[in-house]
Each structure stands twice: as C-alpha cells, then as structure tokens.
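Contents: one structure, followed by commentary.
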Amino acid sequence: MAQGFKNTRKGISARFTAEEASLLQKLFSDVADTLEPEVSDETDPLASLIGISENSAVPTDPAVARILPVASDDPEVADEYRRFTELSLRQQKIGYLQMAALDVEAQDIVLDAEHARGWAAALNDVRLTLATRLDITSDADASATATKTDWRKVDTVEDYMALVYNFVSWLLDTLMEAMLDTLES
C-alpha cells in the first residue's frame, strides 16, 4: 500500500508498491500522449519552434479542453491567448508528466521543491482527465465517486476508474499537505 507524501528532512517523500508505481507511470504516460499537439504537414516549423499555434480552436477531447481551458469570455481574446500559449503549456505539462513518470520508477521517492511542484501539476492533470472521463461535474458526482473504495467490488471500467481517481486524489492531497508543511518549517 502506498505511503502518501510526507515532508521529511531529506525532502518530500513517498513510497509506492511496484503495482502502484506501474499504474502511475501508465497514467502519466497516457495523459502526456493525450496532450501531444496534432502536427500536420502544413504546420509552420518556425511558428512551432517559437511556440505559436496555427490552430487556436478549443481541443475536441473534453479532457484536454478541461486541462487547457478557455482563458476569456471574449472569443477573440481567448483565441489569441490560446494561439500564443497553448504549445508551451502543453510542453510544460508533458514535461511534468514525464518527470513524474521517471521519478516514480524508484518507488521510494524524495522530491525537492521543484519536483514537488511538477508532481502536483502532473497529478492534477491526471485527476482532471479521470474526472472528465468519469463525467464528474458537481460535488454530488465527486461524493458518489468517493464512495467507491473497495477494490473487490469493481464490476465495471467506471468503478475501476473511480478507484484510480480516488487514489490520485488522495496522493495529490498528501502532496499538497506536505508542500504546505515545508512552508511552516
């Protein structure tokens, strides 16, 4: 069983079983793959190099749209913001997900402040993706999902995803508590 994140003298630490580490690596990898921008033959390489997206449309995947939300009620402002920031945001998020996937290979991990922030971002992106796939849109939906805690009672893919969502939510909560503890030290 995972030992959640704790603030220790060495840094923010956690311990995972091999199965938990494998699950987290898969989740981080899947969300990173989902965030990869679509590239076509017509993509301007210079625009891509400097981080400008030629397509400022809201992503069609609801999970990606939730991770990269519309920045303004004004459509023109939102399109311009997305055009100039989406590629770099995707790259940053993918970088955090890849970093966390590499870190978790050790199973016993110790994070410095930078890695802790990256882990928080990665876990949050996984959590948002799972919440979207589970159609969690209200407190009532979240409460219903939180009741799914017994691995032996998993009957559907949604039940399994709910358990994974609860695990990731718990991990993120313990990480945030550990990060807050570092501020008090």
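Chain labels follow the order of the structure tokens: the first chain is A, the next B, and so on; residue numbering restarts at 1 in every chain, and ligands are counted from 1 in their shown order.
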
| message | At a cut-off of 12 Å, using only C-alpha atoms, what residues contact Lys26 (chain A)? Leave out same-chain residues fewer than 4 positions from it and give the result as number ranges by chain. | response | A: 19-22, 30-33, 97-98, 100-102, 104-105, 126, 164

| Could you write out, as an MDAnalysis selection string, all the residues of region 2-183 of chain A that DSSP marks as alpha helix (DSSP H)? | chainID A and resid 18:35 45:49 62:67 75:103 113:133 139:146 157:183

| task | Rank nothing, just name the residue among A:Glu184, A:Asp139, A:Asp108, A:Asp61 nearest to Ser13 (chain A), using only C-alpha atoms. | result |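 Nearest candidate to Ser13 (chain A) out of A:Glu184, A:Asp139, A:Asp108, A:Asp61: A:Asp108.
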
| said: Taking the DSSP secondary structure from the backbone, can you list the residues of region 11-178 of chain A that are strand (DSSP E), as a list in words? | reply: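 The strand (DSSP E) subset of region 11-178 of chain A is Ile12, Ser13, Ala14, Arg15, Asp108, Ile109, Val110 and Leu111 of chain A.
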
| note | Expressed in Å, the length from CA of Ala162 (chain A) to CA of Ala121 (chain A) is 19.9 Å

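Those residues that approach Gly118 (chain A) to within 12 Å, counting only C-alpha atoms, are Phe28, Gln92, Lys93, Ile94, Gly95, Tyr96, Leu97, Gln98, Met99, Ala100, Ala101, Leu102, Asp103, Leu111, Asp112, Ala113, Leu123, Asn124, Asp125, Leu172, Leu175, Met176 and Met179 of chain A; same-chain residues fewer than 5 positions away are not listed.
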
| request: Please identify all polymer residues within 12 Å of Leu134 (chain A), counting only C-alpha atoms, omitting same-chain residues fewer than 5 positions from it, and present them as a PyMOL selection string. | output: chain A and resi 62-63+127-129+141-142+144-146+156-166

Taking N, CA and C atoms for each residue, export the selection above as an mmCIF file, in the first residue's frame.
data_model
loop_
_atom_site.group_PDB
_atom_site.id
_atom_site.type_symbol
_atom_site.label_atom_id
_atom_site.label_comp_id
_atom_site.auth_asym_id
_atom_site.auth_seq_id
_atom_site.Cartn_x
_atom_site.Cartn_y
_atom_site.Cartn_z
ATOM 1 N N PRO A 62 -12.607 16.340 -24.582
ATOM 2 C CA PRO A 62 -13.075 17.078 -23.410
ATOM 3 C C PRO A 62 -12.053 17.124 -22.268
ATOM 4 N N ALA A 63 -11.253 16.074 -22.116
ATOM 5 C CA ALA A 63 -10.248 16.065 -21.050
ATOM 6 C C ALA A 63 -9.163 17.098 -21.329
ATOM 7 N N ARG A 127 -5.770 13.739 -12.576
ATOM 8 C CA ARG A 127 -7.048 13.811 -11.856
ATOM 9 C C ARG A 127 -8.127 14.488 -12.712
ATOM 10 N N LEU A 128 -7.783 15.589 -13.373
ATOM 11 C CA LEU A 128 -8.753 16.266 -14.242
ATOM 12 C C LEU A 128 -9.172 15.374 -15.414
ATOM 13 N N THR A 129 -8.221 14.648 -15.962
ATOM 14 C CA THR A 129 -8.533 13.734 -17.067
ATOM 15 C C THR A 129 -9.489 12.642 -16.606
ATOM 16 N N ASP A 141 -21.470 14.454 -7.830
ATOM 17 C CA ASP A 141 -20.752 13.437 -8.622
ATOM 18 C C ASP A 141 -19.472 13.014 -7.903
ATOM 19 N N ALA A 142 -18.747 13.990 -7.373
ATOM 20 C CA ALA A 142 -17.494 13.695 -6.661
ATOM 21 C C ALA A 142 -17.769 12.865 -5.413
ATOM 22 N N ALA A 144 -20.305 10.816 -4.916
ATOM 23 C CA ALA A 144 -20.675 9.463 -5.341
ATOM 24 C C ALA A 144 -19.434 8.662 -5.730
ATOM 25 N N THR A 145 -18.502 9.306 -6.402
ATOM 26 C CA THR A 145 -17.260 8.633 -6.793
ATOM 27 C C THR A 145 -16.424 8.286 -5.571
ATOM 28 N N ALA A 146 -16.425 9.148 -4.568
ATOM 29 C CA ALA A 146 -15.634 8.928 -3.349
ATOM 30 C C ALA A 146 -16.092 7.707 -2.562
ATOM 31 N N THR A 156 -17.166 -2.677 -13.131
ATOM 32 C CA THR A 156 -17.140 -2.016 -14.431
ATOM 33 C C THR A 156 -15.851 -1.208 -14.583
ATOM 34 N N VAL A 157 -15.622 -0.786 -15.804
ATOM 35 C CA VAL A 157 -14.475 0.085 -16.076
ATOM 36 C C VAL A 157 -14.622 1.383 -15.290
ATOM 37 N N GLU A 158 -15.848 1.888 -15.187
ATOM 38 C CA GLU A 158 -16.091 3.129 -14.449
ATOM 39 C C GLU A 158 -15.767 2.960 -12.969
ATOM 40 N N ASP A 159 -16.092 1.787 -12.396
ATOM 41 C CA ASP A 159 -15.753 1.526 -10.993
ATOM 42 C C ASP A 159 -14.235 1.547 -10.801
ATOM 43 N N TYR A 160 -13.523 0.908 -11.732
ATOM 44 C CA TYR A 160 -12.060 0.890 -11.648
ATOM 45 C C TYR A 160 -11.505 2.312 -11.775
ATOM 46 N N MET A 161 -12.021 3.073 -12.747
ATOM 47 C CA MET A 161 -11.555 4.448 -12.922
ATOM 48 C C MET A 161 -11.855 5.289 -11.682
ATOM 49 N N ALA A 162 -12.980 5.034 -11.030
ATOM 50 C CA ALA A 162 -13.317 5.767 -9.811
ATOM 51 C C ALA A 162 -12.314 5.469 -8.706
ATOM 52 N N LEU A 163 -11.915 4.209 -8.578
ATOM 53 C CA LEU A 163 -10.899 3.860 -7.582
ATOM 54 C C LEU A 163 -9.562 4.533 -7.897
ATOM 55 N N VAL A 164 -9.202 4.547 -9.160
ATOM 56 C CA VAL A 164 -7.955 5.199 -9.564
ATOM 57 C C VAL A 164 -8.052 6.703 -9.312
ATOM 58 N N TYR A 165 -9.192 7.287 -9.621
ATOM 59 C CA TYR A 165 -9.419 8.707 -9.358
ATOM 60 C C TYR A 165 -9.257 9.010 -7.868
ATOM 61 N N ASN A 166 -9.834 8.171 -7.021
ATOM 62 C CA ASN A 166 -9.718 8.367 -5.572
ATOM 63 C C ASN A 166 -8.270 8.234 -5.102
#

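Our summary of the geometry notes that CA of Ile12 (chain A) is positioned 7.2 Å from CA of Ala116 (chain A).
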
| said: From the options A:Arg90, A:Thr137, A:Gln107, A:Gln25, which residue's atoms come nearest to Ala2 (chain A), counting only C-alpha atoms? | reply: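 Smallest separation from Ala2 (chain A) among the options: A:Gln107.
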
| Distance of CA of Leu27 (chain A) from CA of Arg15 (chain A), expressed in Å to one decimal place |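 Going from CA of Arg15 (chain A) over to CA of Leu27 (chain A), I get 17.1 Å.
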